[in-house]
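model.cif (mmCIF, C-alpha atoms)
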data_my_file
#
loop_
_atom_site.label_atom_id
_atom_site.label_comp_id
_atom_site.auth_asym_id
_atom_site.auth_seq_id
_atom_site.Cartn_x
_atom_site.Cartn_y
_atom_site.Cartn_z
CA MET A 4 131.32 40.14 150.55
CA SER A 5 134.69 41.04 149.03
CA VAL A 6 136.42 40.50 145.69
CA LEU A 7 138.05 37.35 147.03
CA SER A 8 134.79 35.93 148.36
CA LEU A 9 133.20 36.78 145.01
CA ASN A 10 135.91 34.78 143.25
CA LYS A 11 135.43 31.91 145.70
CA MET A 12 131.73 31.84 144.92
CA ALA A 13 132.52 31.59 141.20
CA LEU A 14 134.95 28.73 141.80
CA ASP A 15 132.47 26.96 144.08
CA LEU A 16 129.85 27.23 141.33
CA ALA A 17 132.31 25.79 138.82
CA ALA A 18 132.68 22.74 141.09
CA LYS A 19 128.97 22.43 141.93
CA ASP A 20 128.13 22.45 138.24
CA PHE A 21 129.86 19.05 137.93
CA SER A 22 128.67 17.57 141.21
CA ASP A 23 126.17 15.08 142.55
CA GLY A 24 124.68 14.13 139.20
CA HIS A 25 123.98 17.71 138.08
CA ASN A 26 123.90 18.12 134.30
CA PRO A 27 126.41 20.97 133.87
CA THR A 28 125.19 24.31 132.62
CA ASN A 29 128.77 25.09 131.60
CA GLY A 30 130.02 21.60 130.82
CA GLY A 31 133.65 20.88 130.09
CA PRO A 32 136.71 23.04 130.76
CA THR A 33 136.01 25.29 127.76
CA LYS A 34 132.52 26.39 128.82
CA THR A 35 133.65 26.79 132.42
CA ALA A 36 136.53 29.03 131.30
CA ARG A 37 134.09 31.14 129.28
CA ALA A 38 131.75 31.47 132.28
CA LEU A 39 134.59 32.46 134.63
CA ALA A 40 135.80 35.05 132.11
CA ILE A 41 132.36 36.68 131.77
CA PHE A 42 131.91 36.67 135.55
CA HIS A 43 135.25 38.35 136.28
CA LEU A 44 135.15 40.75 133.33
CA ALA A 45 131.72 42.01 134.39
CA ALA A 46 132.96 42.62 137.94
CA ARG A 47 136.08 44.40 136.67
CA ASP A 48 134.12 46.59 134.26
CA ALA A 49 131.62 47.63 136.91
CA TYR A 50 134.52 48.78 139.06
CA ALA A 51 136.12 50.51 136.07
CA MET A 52 132.98 52.43 135.17
CA VAL A 53 132.45 53.69 138.73
CA THR A 54 136.03 54.59 139.63
CA SER A 55 137.72 55.22 136.24
CA ALA A 56 140.69 53.27 137.65
CA TYR A 57 141.11 51.68 134.22
CA LYS A 58 139.14 51.50 131.01
CA ALA A 59 136.22 49.07 130.79
CA LYS A 60 136.77 46.24 128.31
CA LEU A 61 133.21 46.16 127.02
CA GLY A 62 132.12 49.11 124.94
CA GLY A 63 128.66 50.64 125.16
CA LEU A 64 128.16 50.19 128.88
CA PRO A 65 125.61 52.60 130.39
CA PRO A 66 127.13 55.58 132.20
CA VAL A 67 127.13 55.73 135.95
CA PRO A 68 123.95 57.55 137.11
CA ALA A 69 124.26 61.22 138.01
CA GLY A 70 125.19 61.85 141.63
CA PHE A 71 126.70 58.40 141.93
CA GLY A 72 129.77 58.12 144.15
CA THR A 73 133.05 57.22 142.50
CA THR A 74 135.06 55.98 145.48
CA PRO A 75 136.88 52.61 145.45
CA ALA A 76 134.40 51.33 148.04
CA ILE A 77 131.45 52.10 145.79
CA GLY A 78 133.34 50.59 142.86
CA GLU A 79 133.88 47.38 144.81
CA SER A 80 130.20 47.23 145.69
CA ALA A 81 129.33 47.62 142.00
CA ALA A 82 131.78 44.84 141.15
CA ILE A 83 130.11 42.56 143.68
CA GLY A 84 126.71 43.37 142.22
CA ALA A 85 128.02 42.52 138.76
CA GLY A 86 129.47 39.24 139.93
CA ILE A 87 126.28 38.18 141.69
CA ARG A 88 124.13 38.99 138.67
CA ALA A 89 126.54 37.24 136.29
CA ALA A 90 126.54 34.19 138.54
CA LEU A 91 122.74 34.03 138.51
CA LEU A 92 122.69 34.24 134.72
CA LEU A 93 125.52 31.76 134.17
CA TYR A 94 124.49 29.23 136.81
CA PRO A 95 120.70 29.54 137.15
CA ASP A 96 120.36 26.10 138.75
CA PHE A 97 122.23 27.35 141.81
CA SER A 98 120.30 30.55 142.51
CA ALA A 99 119.60 29.50 146.11
CA PHE A 100 123.32 28.98 146.77
CA ILE A 101 124.20 32.30 145.08
CA ASN A 102 121.62 34.22 147.06
CA ASP A 103 122.83 32.63 150.27
CA GLN A 104 126.42 33.62 149.50
CA SER A 105 125.56 37.13 148.34
CA LYS A 106 126.06 39.61 151.12
CA ALA A 107 126.41 43.34 150.49
CA PRO A 108 129.67 44.97 151.59
CA VAL A 109 129.60 46.35 155.13
CA PHE A 110 131.60 49.50 154.37
CA LEU A 111 128.76 51.46 152.70
CA THR A 112 125.27 52.57 153.66
CA ALA A 113 122.34 50.44 152.56
CA ARG A 114 121.35 53.05 150.00
CA GLU A 115 124.86 53.29 148.54
CA ASN A 116 125.12 49.51 148.35
CA SER A 117 121.76 49.16 146.66
CA ALA A 118 122.58 51.73 143.99
CA ALA A 119 126.09 50.40 143.36
CA MET A 120 125.09 46.75 143.20
CA SER A 121 122.13 47.56 140.96
CA TYR A 122 124.44 49.33 138.55
CA GLY A 123 126.85 46.37 138.65
CA ALA A 124 123.98 44.04 137.78
CA VAL A 125 123.27 46.12 134.67
CA VAL A 126 126.93 45.82 133.63
CA ALA A 127 126.70 42.03 134.02
CA GLU A 128 123.59 41.93 131.86
CA HIS A 129 125.38 43.88 129.14
CA TRP A 130 128.29 41.43 129.30
CA MET A 131 125.95 38.46 128.96
CA ALA A 132 124.16 40.12 126.04
CA SER A 133 127.49 40.80 124.34
CA ARG A 134 128.31 37.09 124.35
CA GLN A 135 125.03 35.93 122.84
CA GLY A 136 125.72 34.42 119.46
CA ASP A 137 129.44 34.00 120.21
CA GLY A 138 129.37 30.37 119.03
CA SER A 139 129.20 28.80 122.47
CA SER A 140 125.70 27.43 121.88
CA LEU A 141 126.71 25.29 118.89
CA PRO A 142 126.45 21.50 119.37
CA GLN A 143 129.45 20.24 121.33
CA THR A 144 129.22 16.44 121.13
CA ASP A 145 129.37 14.03 118.21
CA THR A 146 130.72 10.64 117.16
CA MET A 147 132.41 11.66 113.91
CA TYR A 148 135.54 9.52 114.14
CA SER A 149 138.09 8.69 111.46
CA SER A 150 139.29 5.08 111.21
CA ALA A 151 142.71 6.11 109.91
CA PRO A 152 145.81 5.61 112.10
CA GLY A 153 146.72 8.69 114.13
CA HIS A 154 143.18 10.03 114.42
CA HIS A 155 141.13 10.51 117.57
CA ARG A 156 138.63 7.83 118.49
CA ALA A 157 136.47 7.11 121.50
CA ASP A 158 138.14 6.09 124.76
CA PRO A 159 137.60 2.32 125.06
CA VAL A 160 137.03 2.71 128.81
CA SER A 161 134.37 5.42 128.92
CA GLY A 162 133.11 5.37 125.33
CA LYS A 163 132.09 9.02 125.62
CA ALA A 164 131.17 11.00 122.51
CA THR A 165 133.68 13.57 121.33
CA LEU A 166 133.34 16.94 123.10
CA GLY A 167 134.00 20.42 121.76
CA ARG A 168 134.40 20.00 118.01
CA THR A 169 132.97 23.48 117.35
CA TRP A 170 134.44 25.29 120.34
CA GLY A 171 137.40 26.61 118.37
CA PHE A 172 134.99 28.90 116.51
CA VAL A 173 133.77 30.70 119.63
CA LYS A 174 134.51 34.42 119.61
CA PRO A 175 137.72 35.07 121.60
CA PHE A 176 138.00 37.53 124.48
CA VAL A 177 141.50 39.02 124.06
CA ILE A 178 143.10 37.58 120.92
CA ALA A 179 141.99 38.73 117.48
CA SER A 180 141.93 35.24 115.98
CA VAL A 181 143.39 31.85 116.80
CA GLU A 182 145.33 31.41 113.57
CA ALA A 183 146.82 34.91 113.70
CA ASP A 184 147.63 35.21 117.40
CA ALA A 185 148.00 31.59 118.57
CA PRO A 186 149.39 29.55 115.68
CA LEU A 187 150.46 25.95 116.22
CA MET A 188 152.57 23.64 114.08
CA PRO A 189 151.31 20.08 113.47
CA PRO A 190 152.24 17.23 115.82
CA PRO A 191 155.02 14.89 114.68
CA ALA A 192 154.24 12.33 112.02
CA LEU A 193 153.56 8.81 113.26
CA THR A 194 156.79 7.57 111.67
CA ASP A 195 159.04 10.25 113.24
CA ILE A 196 161.58 9.65 116.02
CA GLU A 197 159.86 12.35 118.09
CA TYR A 198 156.66 10.30 118.07
CA ALA A 199 158.61 7.13 118.89
CA LYS A 200 160.18 8.76 121.95
CA ALA A 201 156.85 10.14 123.13
CA TYR A 202 155.25 6.72 122.63
CA ASP A 203 157.91 4.90 124.68
CA GLU A 204 157.69 7.52 127.44
CA VAL A 205 153.93 7.36 127.98
CA PHE A 206 153.82 3.59 127.41
CA ASP A 207 155.93 3.22 130.55
CA MET A 208 155.14 6.31 132.61
CA GLY A 209 151.41 6.47 132.05
CA ARG A 210 150.20 2.91 132.26
CA ASP A 211 147.81 1.65 134.89
CA ASN A 212 150.10 -0.48 137.05
CA ILE A 213 150.78 1.88 139.94
CA THR A 214 150.64 -0.84 142.60
CA GLN A 215 153.59 -2.57 140.92
CA ARG A 216 155.79 0.54 140.70
CA ASP A 217 158.55 2.05 142.84
CA ASP A 218 158.36 5.18 145.02
CA ALA A 219 159.79 7.47 142.31
CA TYR A 220 157.03 6.46 139.94
CA ARG A 221 154.37 6.87 142.61
CA GLN A 222 155.57 10.42 143.21
CA LYS A 223 154.96 11.11 139.52
CA ALA A 224 151.53 9.54 139.75
CA ALA A 225 150.78 11.87 142.67
CA ILE A 226 151.75 14.85 140.48
CA GLY A 227 149.36 13.54 137.84
CA LEU A 228 146.55 13.49 140.38
CA PHE A 229 147.50 16.84 141.93
CA TRP A 230 146.89 18.74 138.67
CA ALA A 231 143.97 16.65 137.36
CA TYR A 232 140.56 18.33 137.93
CA ASP A 233 139.07 16.34 135.05
CA GLY A 234 135.44 17.23 135.68
CA ALA A 235 135.22 15.08 138.79
CA ASN A 236 132.43 15.26 141.34
CA LYS A 237 132.93 18.20 143.74
CA ILE A 238 136.12 19.25 141.93
CA GLY A 239 135.31 20.49 138.44
CA VAL A 240 137.78 21.39 135.73
CA PRO A 241 141.32 22.83 135.46
CA PRO A 242 140.53 26.59 135.12
CA ARG A 243 139.24 26.36 138.69
CA LEU A 244 142.54 24.86 139.87
CA TYR A 245 144.66 27.55 138.22
CA ASN A 246 142.57 30.29 139.83
CA GLN A 247 143.19 28.66 143.20
CA ALA A 248 146.95 28.58 142.63
CA VAL A 249 147.17 32.24 141.56
CA LEU A 250 145.29 33.34 144.68
CA LYS A 251 148.03 31.70 146.77
CA ALA A 252 150.90 33.11 144.70
CA ALA A 253 153.31 35.66 146.12
CA GLY A 254 152.53 39.04 144.63
CA PHE A 255 148.79 38.55 144.33
CA PRO A 256 147.48 42.01 145.26
CA THR A 257 145.65 42.94 148.42
CA ASN A 258 143.54 45.79 146.98
CA ALA A 259 140.26 45.34 145.12
CA LYS A 260 141.30 47.34 142.04
CA ASP A 261 144.26 45.12 141.18
CA GLN A 262 142.56 41.92 142.28
CA LEU A 263 139.70 42.57 139.86
CA ASN A 264 142.06 43.38 137.01
CA ILE A 265 144.23 40.30 137.52
CA LEU A 266 141.31 37.92 137.97
CA ALA A 267 139.68 39.26 134.80
CA ALA A 268 142.96 38.93 132.91
CA ILE A 269 143.78 35.35 133.88
CA ASN A 270 140.25 34.16 133.27
CA ALA A 271 139.99 35.91 129.90
CA ALA A 272 143.34 34.32 129.01
CA MET A 273 142.04 30.88 129.97
CA ALA A 274 138.83 31.39 128.01
CA ASP A 275 140.92 32.10 124.92
CA ALA A 276 143.22 29.20 125.80
CA GLY A 277 140.22 26.90 125.61
CA ILE A 278 139.13 28.35 122.28
CA ALA A 279 142.62 28.09 120.77
CA ALA A 280 143.40 24.63 122.13
CA TRP A 281 140.10 23.18 120.91
CA TYR A 282 140.50 24.84 117.53
CA TRP A 283 143.81 23.09 116.96
CA LYS A 284 142.61 19.83 118.55
CA TYR A 285 140.10 19.39 115.78
CA VAL A 286 142.37 20.71 113.03
CA TYR A 287 144.91 17.95 113.82
CA ASP A 288 142.51 15.34 115.32
CA PHE A 289 145.40 13.40 116.91
CA TRP A 290 144.80 10.16 118.79
CA ARG A 291 145.31 9.69 122.52
CA PRO A 292 147.76 7.15 123.98
CA VAL A 293 145.00 4.69 124.90
CA VAL A 294 144.15 4.37 121.20
CA GLY A 295 147.63 4.89 119.74
CA ILE A 296 149.29 2.24 121.90
CA ARG A 297 146.52 -0.32 121.42
CA GLU A 298 146.60 0.11 117.64
CA ALA A 299 150.34 0.58 117.20
CA ASP A 300 151.09 -2.75 115.56
CA ALA A 301 149.77 -4.00 112.24
CA GLY A 302 146.62 -6.05 112.56
CA TRP A 303 145.05 -3.99 115.33
CA GLY A 304 142.51 -1.20 115.01
CA PRO A 305 139.65 -0.68 112.56
CA LEU A 306 141.93 -0.80 109.49
CA GLY A 307 144.71 -2.97 110.93
CA LEU A 308 147.42 -0.71 109.52
CA GLY A 309 149.37 0.09 112.70
CA ASP A 310 151.29 3.34 113.09
CA GLY A 311 154.14 2.40 110.72
CA ASN A 312 156.78 3.54 113.22
CA THR A 313 159.92 1.36 113.26
CA LEU A 314 161.82 3.54 115.74
CA ARG A 315 159.89 2.98 118.96
CA LYS A 316 161.28 0.50 121.48
CA GLU A 317 157.94 -0.64 122.84
CA LYS A 318 155.60 -2.80 120.83
CA GLY A 319 151.89 -2.14 120.65
CA ASP A 320 149.73 -3.48 123.44
CA PRO A 321 146.05 -4.03 122.57
CA PHE A 322 145.21 -4.21 126.28
CA TRP A 323 147.16 -1.15 127.47
CA LEU A 324 145.28 1.18 129.81
CA PRO A 325 146.38 4.53 131.22
CA LEU A 326 146.48 5.37 134.90
CA GLY A 327 143.79 7.73 133.65
CA ALA A 328 142.09 10.98 134.44
CA PRO A 329 140.77 10.32 137.94
CA ALA A 330 137.09 9.63 138.55
CA SER A 331 137.37 11.27 141.97
CA ASN A 332 134.56 11.41 144.55
CA PRO A 333 132.34 8.89 142.75
CA ALA A 334 128.69 9.46 143.49
CA PRO A 335 125.59 7.38 142.79
CA GLY A 336 123.86 7.96 139.50
CA PRO A 337 125.15 9.20 136.15
CA LEU A 338 127.85 11.85 136.25
CA PRO A 339 128.52 14.30 133.41
CA VAL A 340 132.20 13.55 132.82
CA THR A 341 133.30 10.74 135.09
CA VAL A 342 132.32 7.16 134.46
CA ALA A 343 131.33 4.22 136.61
CA MET A 344 133.07 3.71 139.95
CA GLY A 345 136.36 1.93 139.37
CA ASP A 346 137.00 3.38 135.92
CA ASN A 347 139.44 6.21 135.36
CA PHE A 348 139.30 7.47 131.78
CA THR A 349 140.82 9.46 128.93
CA PRO A 350 139.18 12.86 128.19
CA ASN A 351 136.87 12.72 125.20
CA PHE A 352 138.57 15.04 122.73
CA PRO A 353 141.74 14.85 120.61
CA ALA A 354 145.17 14.92 122.22
CA TYR A 355 147.09 17.72 120.52
CA PRO A 356 147.52 20.23 122.09
CA SER A 357 146.91 19.58 125.79
CA GLY A 358 144.13 21.72 127.22
CA HIS A 359 145.71 21.55 130.69
CA ALA A 360 149.02 22.82 129.33
CA THR A 361 147.35 25.63 127.40
CA PHE A 362 145.08 26.76 130.26
CA GLY A 363 147.78 26.58 132.94
CA THR A 364 150.52 28.29 130.96
CA ALA A 365 148.19 31.08 129.79
CA CYS A 366 147.01 31.69 133.35
CA PHE A 367 150.35 31.62 135.16
CA GLU A 368 152.29 33.57 132.54
CA THR A 369 149.59 36.23 132.30
CA PHE A 370 149.71 36.71 136.07
CA ALA A 371 153.50 36.85 136.09
CA LYS A 372 153.61 39.47 133.35
CA LEU A 373 151.03 41.65 135.10
CA ILE A 374 153.05 41.78 138.33
CA GLY A 375 156.30 42.29 136.43
CA LYS A 376 158.05 39.06 137.37
CA ALA A 377 159.15 35.84 135.72
CA PRO A 378 157.23 32.68 136.71
CA LYS A 379 160.43 31.26 138.20
CA ASP A 380 160.53 34.14 140.68
CA ILE A 381 156.97 33.74 141.98
CA SER A 382 156.43 31.26 144.79
CA VAL A 383 153.28 29.45 145.88
CA VAL A 384 153.64 28.20 149.45
CA LYS A 385 151.82 25.18 150.89
CA PHE A 386 149.26 24.84 148.13
CA MET A 387 146.81 21.94 148.43
CA SER A 388 144.96 20.55 145.42
CA ASP A 389 141.37 19.44 145.92
CA GLU A 390 142.42 16.08 144.44
CA LEU A 391 144.77 15.44 147.39
CA ASN A 392 143.24 17.24 150.37
CA GLY A 393 142.55 14.42 152.80
CA VAL A 394 138.83 14.49 151.92
CA THR A 395 138.55 13.62 148.22
CA THR A 396 138.20 9.92 147.47
CA ASP A 397 139.63 7.88 144.62
CA ASN A 398 137.53 5.97 142.12
CA GLN A 399 136.96 3.20 144.67
CA GLY A 400 135.71 5.57 147.35
CA ILE A 401 138.96 5.46 149.37
CA VAL A 402 140.07 8.79 150.87
CA ARG A 403 143.27 10.15 149.37
CA PRO A 404 145.87 11.72 151.69
CA ALA A 405 146.47 15.45 151.98
CA TRP A 406 149.54 16.82 150.18
CA CYS A 407 150.73 20.44 150.39
CA GLN A 408 153.27 21.53 147.80
CA THR A 409 155.49 24.61 147.66
CA PHE A 410 156.63 25.55 144.17
CA THR A 411 157.40 28.43 141.84
CA LEU A 412 154.96 29.19 139.05
CA GLN A 413 157.56 27.91 136.58
CA GLU A 414 157.64 24.62 138.46
CA ALA A 415 153.84 24.63 138.45
CA ILE A 416 153.80 25.06 134.67
CA GLN A 417 156.20 22.12 134.27
CA GLN A 418 154.38 19.86 136.71
CA ASN A 419 151.10 20.68 135.01
CA LEU A 420 152.61 19.67 131.65
CA ASP A 421 154.17 16.48 132.97
CA SER A 422 151.07 15.48 134.92
CA ARG A 423 149.17 14.49 131.79
CA ILE A 424 151.92 12.10 130.68
CA TYR A 425 152.04 10.57 134.17
CA LEU A 426 148.29 9.91 133.92
CA GLY A 427 148.78 8.39 130.47
CA VAL A 428 146.29 10.66 128.73
CA HIS A 429 148.71 12.77 126.65
CA TRP A 430 151.91 12.57 124.63
CA CYS A 431 154.77 14.89 125.64
CA PHE A 432 154.40 16.96 122.46
CA ASP A 433 150.78 17.66 123.43
CA ALA A 434 152.13 19.32 126.55
CA THR A 435 154.84 21.37 124.82
CA GLY A 436 152.39 22.37 122.09
CA GLY A 437 149.93 23.58 124.71
CA GLN A 438 152.68 25.47 126.48
CA LYS A 439 153.59 27.36 123.28
CA LEU A 440 149.93 28.16 122.68
CA GLY A 441 149.39 29.33 126.27
CA SER A 442 152.49 31.54 126.14
CA ALA A 443 151.27 33.26 122.97
CA ILE A 444 147.89 33.94 124.57
CA ALA A 445 149.52 35.24 127.76
CA VAL A 446 151.40 37.88 125.76
CA LYS A 447 148.11 39.21 124.36
CA ALA A 448 146.22 38.97 127.63
CA ALA A 449 148.88 40.72 129.68
CA ALA A 450 149.09 43.54 127.13
CA ALA A 451 145.32 43.93 127.15
CA PHE A 452 145.16 44.32 130.95
CA ALA A 453 148.45 46.14 131.59
#

Write out the structure in this file as structure tokens.
Amino acid sequence: MSVLSLNKMALDLAAKDFSDGHNPTNGGPTKTARALAIFHLAARDAYAMVTSAYKAKLGGLPPVPAGFGTTPAIGESAAIGAGIRAALLLYPDFSAFINDQSKAPVFLTARENSAAMSYGAVVAEHWMASRQGDGSSLPQTDTMYSSAPGHHRADPVSGKATLGRTWGFVKPFVIASVEADAPLMPPPALTDIEYAKAYDEVFDMGRDNITQRDDAYRQKAAIGLFWAYDGANKIGVPPRLYNQAVLKAAGFPTNAKDQLNILAAINAAMADAGIAAWYWKYVYDFWRPVVGIREADAGWGPLGLGDGNTLRKEKGDPFWLPLGAPASNPAPGPLPVTVAMGDNFTPNFPAYPSGHATFGTACFETFAKLIGKAPKDISVVKFMSDELNGVTTDNQGIVRPAWCQTFTLQEAIQQNLDSRIYLGVHWCFDATGGQKLGSAIAVKAAAAFA
């Protein structure tokens, strides 16, 4: 096993957690981001303690036993031991899979491996203990909706309860506090021209009429699918996707020391991105397009007030539906996030800011800063999303084609932002708000792991 195979195991677990009717242990993108951060931080710190290549992030870790080797090879073995133990603690339902994947490195003796991996396991246990009581165990679903125009309400397609109302109070990993280190201005008022423009854009670009659209629109719909990862069966959530992209990026290191540091940094950044995005989501409680467009005109919605905007070109449409977050790989039985076969959906939390935009920007900008380049100067060649890999099926069970893209990380950030408008699940200011939030977190994360 290597650092890269350890990361792959973590990403596989993040997909399995959402698959084949399993009730997720780390449900939603926020809990998955937290799990991936703990996993990678434990592996990094085990390596740090053995080799002294950099300072461990968690204080109070037990010292390396006397007579213990301090070579990079022993450090890597300790990191693998930490990752395996963290995986077992974070994803206990998949212990058989983890044990099957867990092979000791071949570059050490059996005795060296046993000692190093045992020490790594202790580091992982300390990391898990350090996160007990961090707020992640608070209730995450409710149906506390406001009837007032502009406020988040249940998706009329899926009807799912709101997810993550308390997640913004989880203890961060790298930022000191959300309000201090990742501030965010309010979204535009419903009567503003900025809201009118965003409304008209998503009304057209994001509606569910793809079979009636031209090739240019279909290309945009493909971008929406490419960056989706909306908790679908066998796919999971967006932090998994952004890990996959970074691994393919030019400049991703080939040595274990730097791989461990970068993987810990980007995943800690995404964990804080989830905390910050969900904090502001519930501060502003802004409605999604599927509700805002249906209730735009007076007479519609629980109070019949409309949005009061006289500047938008498009009228309200009480029957408008988005192209939707894709219910990919539908499987028999109840699924944790997706809904019945045939129904794409809108994610069940407020719109502003976009979680995708916050996660993706935090991840890609943190990576760029750590390798000393701008995102526009980092290429990702022939990257294939699990949503469009020639195997994944759409919500009707029809196999989607394979699509390899080559892009810079700056182009990836922009596509990731735009993708949510093309699916009709976000306003454009959700995306730009998430980008600002992700950038602020990236500054802190990169400094913490420099």

Contacts of segment 407-419 of chain A within 10 Å, only C-alpha atoms, excl. fewer than 2 positions in-chain, as a PyMOL selection string: chain A and resi 223+226-227+229-231+245+248-249+252-253+359-368+370-371+377-388+391-392+405+421-425+434-435+438

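Between Pro404 of chain A and the residues A:Leu228, A:Phe352, A:Asp433, A:Ala449, the shortest atom-to-atom distance, using all atoms listed in the file, involves A:Leu228.
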
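The space separating atom CA of Lys58 of chain A from atom CA of Phe452 of chain A comes to 9.4 Å.
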
For the file shown, report as number ranges by chain the outcome of the PyMOL selection byres ((chain A and resi 32-38) around 9) at residue level. A: 13, 17, 28-31, 39-43, 89-90, 93-94, 139, 167, 170, 176, 233-234, 239-243, 270-278, 281, 358, 362

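The neighbours of Glu204 of chain A here are the residues that come within 10 Å of it, using all atoms listed in the file and leaving out any residue fewer than 4 positions away in the same chain; they are Tyr198, Ala199, Lys200, Met208, Gly209, Arg315, Lys316, Glu317, Ile424, Tyr425, Gly427, Trp430 and Cys431 of chain A.
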
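Among A:Ala69, A:Ile83, A:Ile374, A:Ala235, the residue with the shortest atom-to-atom distance to Pro27 of chain A, counting all atoms listed in the file, is A:Ala235.
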
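Distance-wise, atom CA of Asp310 of chain A and atom CA of Leu193 of chain A end up 5.9 Å apart.
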
What lies within 12 Å of Thr396 of chain A using all atoms listed in the file, ignoring chain neighbours under 2 positions off, as a VMD selection string? chain A and resid 228 235 to 238 329 to 334 344 to 345 389 to 394 398 to 405

Box dimensions and centre (Å, one decimal) enclosing segment 433-439 of chain A, axis-aligned, 5 Å extra per side, as AutoDock Vina command-line options:
--center_x 152.4 --center_y 22.5 --center_z 124.3 --size_x 14.9 --size_y 19.7 --size_z 14.5

Run the PyMOL selection byres ((chain A and resi 60) around 8) on the file and write out the hits as a list in words. Leu44, Asp48, Lys58, Ala59, Leu61 and Gly62 of chain A

Using C-alpha atoms, can you export the residues from the last selection as a PDB file, keeping the file's coordinate frame?
ATOM      1  CA  LEU A  44     135.150  40.750 133.330  1.00  0.00           C
ATOM      2  CA  ASP A  48     134.120  46.590 134.260  1.00  0.00           C
ATOM      3  CA  LYS A  58     139.140  51.500 131.010  1.00  0.00           C
ATOM      4  CA  ALA A  59     136.220  49.070 130.790  1.00  0.00           C
ATOM      5  CA  LEU A  61     133.210  46.160 127.020  1.00  0.00           C
ATOM      6  CA  GLY A  62     132.120  49.110 124.940  1.00  0.00           C
TER       7      GLY A  62
END

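Of the residues under consideration (A:Asp211, A:Asp261, A:Asp23, A:Glu115), A:Asp261 shows the shortest atom-to-atom contact distance to Arg47 of chain A when counting only C-alpha atoms.
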
Evaluated on this file, the PyMOL selection byres ((chain A and resi 265) around 9) picks out some residues - which ones are they, written as JSON, numbers by chain? {"A": [255, 256, 260, 261, 262, 263, 264, 266, 267, 268, 269, 270, 369, 370, 373, 374, 452]}

Just C-alpha atoms for this one: save the residues we selected as a PDB file, keeping the file's coordinate frame.
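Ended up saving to part-v1.pdb:
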ATOM      1  CA  PHE A 255     148.790  38.550 144.330  1.00  0.00           C
ATOM      2  CA  PRO A 256     147.480  42.010 145.260  1.00  0.00           C
ATOM      3  CA  LYS A 260     141.300  47.340 142.040  1.00  0.00           C
ATOM      4  CA  ASP A 261     144.260  45.120 141.180  1.00  0.00           C
ATOM      5  CA  GLN A 262     142.560  41.920 142.280  1.00  0.00           C
ATOM      6  CA  LEU A 263     139.700  42.570 139.860  1.00  0.00           C
ATOM      7  CA  ASN A 264     142.060  43.380 137.010  1.00  0.00           C
ATOM      8  CA  LEU A 266     141.310  37.920 137.970  1.00  0.00           C
ATOM      9  CA  ALA A 267     139.680  39.260 134.800  1.00  0.00           C
ATOM     10  CA  ALA A 268     142.960  38.930 132.910  1.00  0.00           C
ATOM     11  CA  ILE A 269     143.780  35.350 133.880  1.00  0.00           C
ATOM     12  CA  ASN A 270     140.250  34.160 133.270  1.00  0.00           C
ATOM     13  CA  THR A 369     149.590  36.230 132.300  1.00  0.00           C
ATOM     14  CA  PHE A 370     149.710  36.710 136.070  1.00  0.00           C
ATOM     15  CA  LEU A 373     151.030  41.650 135.100  1.00  0.00           C
ATOM     16  CA  ILE A 374     153.050  41.780 138.330  1.00  0.00           C
ATOM     17  CA  PHE A 452     145.160  44.320 130.950  1.00  0.00           C
TER      18      PHE A 452
END

May I have the residues within 9 Å of segment 52-56 of chain A as number ranges by chain, using all atoms listed in the file and disregarding those fewer than 5 positions away in the same chain? A: 47, 64-67, 71-75, 77-79, 81, 119, 260

Within 12 Å of Ala179 of chain A using only C-alpha atoms, minus same-chain residues under 3 positions, as number ranges by chain: A: 173-176, 182-186, 275, 278-279, 444, 447-448, 451
